[in-house]
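These notes concern the structure reproduced below.
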Amino acid sequence: MGAMTIATTGLVLEATGISKTYGAVVALKSASLAVRPGEVHALMGANGAGKSTLVKILTGAVRPDGGSIAVRGRQRTVHSPAEARHGGLVSVYQDPAIIPDLDIRANLRLTETRLEPFRHWLAEFGLADLDLSSLARRLPLASLRIIDLARALAIEPDVLMLDEMTAALPANLTERVLEVIGGMRGGDRSVVFISHRMSEIGSVCDRATVLREGETVGVVDVTAGSEERIVDLMLGQIVEQVIPQAEHAAARDETLPPRMSVQGLSQGTRLHDVSFDVHPGEVLGVVALEGQGQDELFQILSGARRPSSGQIVVDGTSVSFRHPADAIRAGLVYVAADRAEALLMQRSVRENIALPFIARIGRWGLIDLHREGRTVDEAVSRLQIDARAGNEVRRLSGGNQQKVTIARWVAGGVHTMLCFDPTRGIDIRTKQQIYVLLRELAEAGAAVLLYTSELKEVQLVCDRAIVIFGGQVVAEIDRADADEATLLHAAYHLQSGAALPQELAATAVEATGGEEPAAATHEPEVPA
Amino acid sequence: MAVVAASGRGHAAAAWRTTLRDRPIIPLIGLLALLVLAIEAADFGIVTPEWAGVIVRASIPLAILAGCQTLTMLTGGIDLSVASVASMAGFVTATLVNSPGGVAQGIVVVLVAAALVGLVNGVGVGVFRVHPLITTLGMSFVVDGLANVWQLQTVQTGAGVPPVLRTMGSGIVGDVVPYSLVVFVPLAAAIMLGLRRTGYGRLLFAIGDNPVAARLSGVRSWQVLVVLYVISALMAAIAGLLISGLTNTASVTLVDTSLLPSVAAAVIGGTSIFGGRGGFGGTMVGALILTVLSALITVLGMPEPTNQVVFGSIIVIVAAAYTRVTSES
């Protein structure tokens, strides 16, 4: 780690005026980050603010167009992650950087990690008896994440960067990680911490740097009331509460037969006897902690997977899907959370939206470009897609990409839309546009099934919600009662009304197989 | 992060990269022009309209074979059986000259046989999901073997390349315009129109770009792939007929040496071997570049193996250039 010559600034890491453009898109205009010794420093920003670009630049994965980076007062040009490591910058991501076909010892050797400190940190995390000669691919993912972190700590970097590292950890491990990070405060080394969970920021961070549209817009001391200030900085001019709290109770008409009726659907061990109806004009929410069978449910409904038993009735007719094309023909269209799964990244916005039109063998012939252009333009303007970089969808922002995946189905007219966490990882303005759109679709007579990991979306968008726990529907909650606290109780399969102690939540997580539930990130908020 | 950057030098460099990525045909035509200049410099006066006619005539079968590679590579596949199918086509037609139906019967038999080979390829790739490299390589052995069996059966009846194919493959109107353009121009027009303006063409790009997204949008890729490999085999058979007419040779190994150049022409033309990116325009220029390049090597009096070294180097260099301009960071 070199000589400890503390320069006049006294900062461990100082990045100033960092800029980076990709083609016509400016990812970073002028970002700066100053980290003091011994602090845990949060890096915050809405999606597209440039957080991940800044981290990639600091760790050498991407080269900046301009700006300077100094570690302990000395200028650094970082060309590769290995150089960054030697320069005292180490990062840990959500996906562990571990080669699955090597054993742990060989993985450590790749990064020249010393064994004693590594073992020490493993013990800190409660993994003291790990066999270093075990093949990485045989170990559970949570352990690999911890190994990755212990390795980073063992290198004793000047600055440790944790990029959404806790997002996929089980609750008990997250707690340990936060404790260890907290324990580093006041020492000589520093941590840059990125997380979407305000509670984690509040519990371990000293200061927060906030990015917006590629610029550092503020540095905030993290104290009891600083959440509001951070959110204000992230949002900038955008006023958050423009979500129309529409009077949409009347849309659902119980006298109509259901558009889709799911009856006794089961799939292996993941889904047991799931039944529910969705009516035309209704947005039905699906609430579940991570891994409760909702993935399988949506895969079955979208035709990507076959159920082991049960049936789906659409408009009174029993249907069975062998291929997504069958589901689409029955009017069930699917919006995935993972845009990499849904988009042709190298193709244009137009081709992406028009893809379902040409899928059928009868539509392989000449395309009526004029008509297609009109349909696509309508969808683009309805969803307000910013198609300036429209030659290649991969150059659009995440929010615009998600809009393209929705526009694809809206363009053809929607009967039943299956949305799997459509607002995951996109900016707040786009989220609101999607809420409005889903309501509009329902009012026009469509049935919408919406799985969401953000509990507050239920009251904003849905008429009612079903809650799935352990592969079964455990509750049905009307919109009026679907506040976050009630939903969270139901999602943990607890009796509502009782307070939700954190220990209980943690127990429930362990009971569900150790996966961290997304819902737990949103603690019930006390109205201000 | 959606702010438009506009600043002098960076803008020019970005524009150049964009051109190279989105319209590779422009720099490719530049490269072709350079090669023509080089050959003119090496042998003053060689470049004449007649010379151009000969070059185009030699490029046409290669361009068709490279078309097979282009279409399959767009879906992330490849067709290594084209050379075997092409050789088989020329050879079998020659052996059937004296059959009751004459040349026409021979061509029909050959096209049906090629379609069957394509069907097997397509079912292997699309239905059984065997990697195209393996499927088509395996089929090339099968076709070679069957052609050899046919050769043993018909060794006495073989009667040589029929005159109509010789005219088609090697005839030149007015010493300038090759006869084979009669076949090639409609074929090339159909490919280019098909890729740009038909649903089927779009699906080739879609499957190559992201097969999961295509499936979730309701595309049954096996249908697309079966049709694709049948088209590819039919095109290979047509190329084989032209080559046997051009060389006045009927042999079961005639086209073998054109297999790798066919892949090379597609790659040079800007079609990505990983799928989702490319087109036939670049491929045609790629075929011309390779033909002029080997003419240049001949003019310079270099030995034949030089050809291979130069071909290989060009492919690697061009592929590296494409990788640089198409990667984002």
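Ligands are numbered from 1 in the order shown, residues from 1 within each chain, and chains are lettered A, B, ... in the order they appear in the structure tokens.
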DSSP strand (DSSP E) residues within region 123-249 of chain A, listed as a PyMOL selection string: chain A and resi 159-163+190-194+207-212+215-221
Residue list (alpha helix (DSSP H), DSSP) for region 176-242 of chain B, as an MDAnalysis selection string: chainID B and resid 181:197 199:209 211:216 221:242
Residues of chain A within 7 Å of chain B, counting only C-alpha atoms, as a PyMOL selection string: chain A and resi 23-27+48-49+62+213-214+324-325+328+341-346+355-356+358-360+363-367
Could you write out that same residue set with C-alpha atoms as a PDB file, in the first residue's frame?
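As written to disk, out-v3.pdb reads:
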ATOM      1  CA  GLY A  23     -21.328   8.801 -27.972  1.00  0.00           C
ATOM      2  CA  ALA A  24     -23.902  11.550 -27.630  1.00  0.00           C
ATOM      3  CA  VAL A  25     -24.836  10.608 -24.088  1.00  0.00           C
ATOM      4  CA  VAL A  26     -23.120  12.277 -21.174  1.00  0.00           C
ATOM      5  CA  ALA A  27     -22.849   9.831 -18.310  1.00  0.00           C
ATOM      6  CA  GLY A  48     -28.894   7.274 -14.485  1.00  0.00           C
ATOM      7  CA  ALA A  49     -27.255   9.795 -12.176  1.00  0.00           C
ATOM      8  CA  VAL A  62     -13.744   2.462 -17.551  1.00  0.00           C
ATOM      9  CA  GLU A 213     -27.422  13.934 -13.964  1.00  0.00           C
ATOM     10  CA  GLY A 214     -23.704  13.283 -13.901  1.00  0.00           C
ATOM     11  CA  PRO A 324     -44.942 -17.666 -25.235  1.00  0.00           C
ATOM     12  CA  ALA A 325     -46.559 -17.312 -28.674  1.00  0.00           C
ATOM     13  CA  ILE A 328     -49.657 -13.859 -26.639  1.00  0.00           C
ATOM     14  CA  GLU A 341     -34.111 -10.459 -21.377  1.00  0.00           C
ATOM     15  CA  ALA A 342     -36.700  -8.501 -23.329  1.00  0.00           C
ATOM     16  CA  LEU A 343     -34.813  -6.270 -25.748  1.00  0.00           C
ATOM     17  CA  LEU A 344     -32.779  -6.593 -28.915  1.00  0.00           C
ATOM     18  CA  MET A 345     -30.006  -4.362 -27.634  1.00  0.00           C
ATOM     19  CA  GLN A 346     -28.322  -3.737 -31.001  1.00  0.00           C
ATOM     20  CA  LEU A 355     -41.055  -7.357 -32.963  1.00  0.00           C
ATOM     21  CA  PRO A 356     -44.300  -9.070 -31.867  1.00  0.00           C
ATOM     22  CA  ILE A 358     -43.838 -10.056 -37.270  1.00  0.00           C
ATOM     23  CA  ALA A 359     -43.416 -13.048 -34.996  1.00  0.00           C
ATOM     24  CA  ARG A 360     -46.123 -15.183 -36.584  1.00  0.00           C
ATOM     25  CA  ARG A 363     -46.396 -12.073 -41.004  1.00  0.00           C
ATOM     26  CA  TRP A 364     -42.982 -12.964 -42.407  1.00  0.00           C
ATOM     27  CA  GLY A 365     -43.636 -11.233 -45.708  1.00  0.00           C
ATOM     28  CA  LEU A 366     -43.157  -7.635 -46.769  1.00  0.00           C
ATOM     29  CA  ILE A 367     -43.672  -5.137 -43.961  1.00  0.00           C
TER      30      ILE A 367
END
Near-Leu34 (chain B) list (12 Å; only C-alpha atoms; drop same-chain fewer than 4 positions) as a PyMOL selection string: chain B and resi 27-30+38-41+289+292-293+296
Go ahead and save the picked residues with N, CA and C atoms, as a short mmCIF file (atom, residue, chain, number, x, y, z; two decimals), in the first residue's frame.
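Ended up saving to again22.cif:
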data_model
loop_
_atom_site.label_atom_id
_atom_site.label_comp_id
_atom_site.auth_asym_id
_atom_site.auth_seq_id
_atom_site.Cartn_x
_atom_site.Cartn_y
_atom_site.Cartn_z
N PRO B 27 -16.20 2.62 -45.83
CA PRO B 27 -14.76 2.33 -45.74
C PRO B 27 -14.35 1.08 -46.53
N LEU B 28 -15.26 0.10 -46.66
CA LEU B 28 -14.91 -1.11 -47.41
C LEU B 28 -14.70 -0.80 -48.89
N ILE B 29 -15.57 0.07 -49.42
CA ILE B 29 -15.40 0.44 -50.83
C ILE B 29 -14.08 1.20 -51.00
N GLY B 30 -13.73 2.00 -50.00
CA GLY B 30 -12.44 2.68 -50.01
C GLY B 30 -11.29 1.67 -50.08
N ALA B 38 -3.57 -0.45 -56.20
CA ALA B 38 -2.33 -1.20 -55.97
C ALA B 38 -2.05 -2.14 -57.14
N ILE B 39 -3.09 -2.81 -57.62
CA ILE B 39 -2.87 -3.77 -58.71
C ILE B 39 -2.52 -3.02 -60.00
N GLU B 40 -3.10 -1.84 -60.17
CA GLU B 40 -2.78 -1.02 -61.34
C GLU B 40 -1.32 -0.55 -61.25
N ALA B 41 -0.90 -0.21 -60.04
CA ALA B 41 0.49 0.22 -59.85
C ALA B 41 1.45 -0.93 -60.10
N ILE B 289 -13.36 -7.72 -52.58
CA ILE B 289 -12.04 -7.44 -51.98
C ILE B 289 -11.17 -8.69 -52.02
N VAL B 292 -10.06 -9.44 -55.69
CA VAL B 292 -9.02 -8.51 -56.15
C VAL B 292 -7.71 -8.80 -55.44
N LEU B 293 -7.83 -9.13 -54.16
CA LEU B 293 -6.63 -9.42 -53.37
C LEU B 293 -5.88 -10.62 -53.96
N LEU B 296 -4.20 -9.60 -57.07
CA LEU B 296 -3.01 -8.81 -56.78
C LEU B 296 -1.82 -9.73 -56.44
#
Neighbour list for Arg207 (chain A) as a PyMOL selection string, cut-off 6 Å, only C-alpha atoms, skip fewer than 2 positions in-chain: chain A and resi 41+205+220-222
File of the preceding selection, C-alpha atoms, as a PDB file, in the first residue's frame:
ATOM      1  CA  HIS A  41     -19.048   7.521   2.753  1.00  0.00           C
ATOM      2  CA  CYS A 205     -22.469   6.160   6.939  1.00  0.00           C
ATOM      3  CA  VAL A 220     -24.512  15.700   3.279  1.00  0.00           C
ATOM      4  CA  ASP A 221     -23.613  14.749   6.843  1.00  0.00           C
ATOM      5  CA  VAL A 222     -25.673  11.679   7.611  1.00  0.00           C
TER       6      VAL A 222
END
Within 7 Å of region 105-121 of chain B using only C-alpha atoms, minus same-chain residues under 5 positions, as a PyMOL selection string: chain B and resi 85+89+92-93+96-97+135-136+226+229-230+232-234+237
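Straight-line separation from CA of Val92 (chain A) to CA of Ala152 (chain A): 7.1 Å.
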Test item: residues at most 12 Å from Gly186 (chain A), only C-alpha atoms, excluding those fewer than 2 positions along its chain, as a ChimeraX atom specification: /A:36-40,181-184,188-191,204-206
Any chance you can output those residues with N, CA and C atoms as a PDB file, in the first residue's frame?
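The resulting file, part29.pdb, is shown below:
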ATOM      1  N   ARG A  36     -12.786  11.158   3.451  1.00  0.00           N
ATOM      2  CA  ARG A  36     -11.832  11.401   4.534  1.00  0.00           C
ATOM      3  C   ARG A  36     -11.371  10.077   5.118  1.00  0.00           C
ATOM      4  N   PRO A  37     -10.226  10.092   5.781  1.00  0.00           N
ATOM      5  CA  PRO A  37      -9.774   8.851   6.413  1.00  0.00           C
ATOM      6  C   PRO A  37     -10.765   8.416   7.491  1.00  0.00           C
ATOM      7  N   GLY A  38     -11.006   7.140   7.568  1.00  0.00           N
ATOM      8  CA  GLY A  38     -11.808   6.612   8.654  1.00  0.00           C
ATOM      9  C   GLY A  38     -13.289   6.868   8.545  1.00  0.00           C
ATOM     10  N   GLU A  39     -13.765   7.252   7.377  1.00  0.00           N
ATOM     11  CA  GLU A  39     -15.206   7.456   7.278  1.00  0.00           C
ATOM     12  C   GLU A  39     -15.835   6.428   6.340  1.00  0.00           C
ATOM     13  N   VAL A  40     -17.120   6.201   6.587  1.00  0.00           N
ATOM     14  CA  VAL A  40     -17.906   5.415   5.651  1.00  0.00           C
ATOM     15  C   VAL A  40     -18.744   6.411   4.874  1.00  0.00           C
ATOM     16  N   ILE A 181     -18.358  -3.061   8.766  1.00  0.00           N
ATOM     17  CA  ILE A 181     -18.086  -1.772   8.126  1.00  0.00           C
ATOM     18  C   ILE A 181     -18.114  -0.658   9.162  1.00  0.00           C
ATOM     19  N   GLY A 182     -19.112  -0.720  10.036  1.00  0.00           N
ATOM     20  CA  GLY A 182     -19.208   0.276  11.095  1.00  0.00           C
ATOM     21  C   GLY A 182     -17.955   0.283  11.950  1.00  0.00           C
ATOM     22  N   GLY A 183     -17.392  -0.909  12.179  1.00  0.00           N
ATOM     23  CA  GLY A 183     -16.195  -1.022  13.005  1.00  0.00           C
ATOM     24  C   GLY A 183     -14.970  -0.385  12.381  1.00  0.00           C
ATOM     25  N   MET A 184     -15.019  -0.146  11.077  1.00  0.00           N
ATOM     26  CA  MET A 184     -13.865   0.458  10.422  1.00  0.00           C
ATOM     27  C   MET A 184     -13.863   1.969  10.570  1.00  0.00           C
ATOM     28  N   ASP A 188      -7.929   4.270   9.849  1.00  0.00           N
ATOM     29  CA  ASP A 188      -7.151   4.987   8.850  1.00  0.00           C
ATOM     30  C   ASP A 188      -7.731   4.771   7.462  1.00  0.00           C
ATOM     31  N   ARG A 189      -8.526   3.709   7.316  1.00  0.00           N
ATOM     32  CA  ARG A 189      -9.050   3.367   5.986  1.00  0.00           C
ATOM     33  C   ARG A 189     -10.505   3.786   5.866  1.00  0.00           C
ATOM     34  N   SER A 190     -10.952   3.855   4.616  1.00  0.00           N
ATOM     35  CA  SER A 190     -12.296   4.376   4.396  1.00  0.00           C
ATOM     36  C   SER A 190     -13.112   3.420   3.530  1.00  0.00           C
ATOM     37  N   VAL A 191     -14.417   3.625   3.585  1.00  0.00           N
ATOM     38  CA  VAL A 191     -15.328   2.805   2.797  1.00  0.00           C
ATOM     39  C   VAL A 191     -16.227   3.730   1.976  1.00  0.00           C
ATOM     40  N   VAL A 204     -24.712   3.156   9.008  1.00  0.00           N
ATOM     41  CA  VAL A 204     -23.252   3.065   8.967  1.00  0.00           C
ATOM     42  C   VAL A 204     -22.522   4.262   8.386  1.00  0.00           C
ATOM     43  N   CYS A 205     -23.222   5.153   7.680  1.00  0.00           N
ATOM     44  CA  CYS A 205     -22.469   6.160   6.939  1.00  0.00           C
ATOM     45  C   CYS A 205     -22.291   7.464   7.718  1.00  0.00           C
ATOM     46  N   ASP A 206     -21.154   8.106   7.491  1.00  0.00           N
ATOM     47  CA  ASP A 206     -20.881   9.405   8.106  1.00  0.00           C
ATOM     48  C   ASP A 206     -21.357  10.532   7.214  1.00  0.00           C
TER      49      ASP A 206
END
Residues within 7 Å of Asp256 (chain B), only C-alpha atoms, excluding chain neighbours under 2 positions, as a ChimeraX atom specification: /B:83-84,253-254,258-259
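The spacing separating CA of Gly240 (chain B) from CA of Ser272 (chain B) amounts to 24.9 Å.
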Interatomic distance (Å, one decimal) between CA of Val410 (chain A) and CA of Val333 (chain A): 9.5 Å
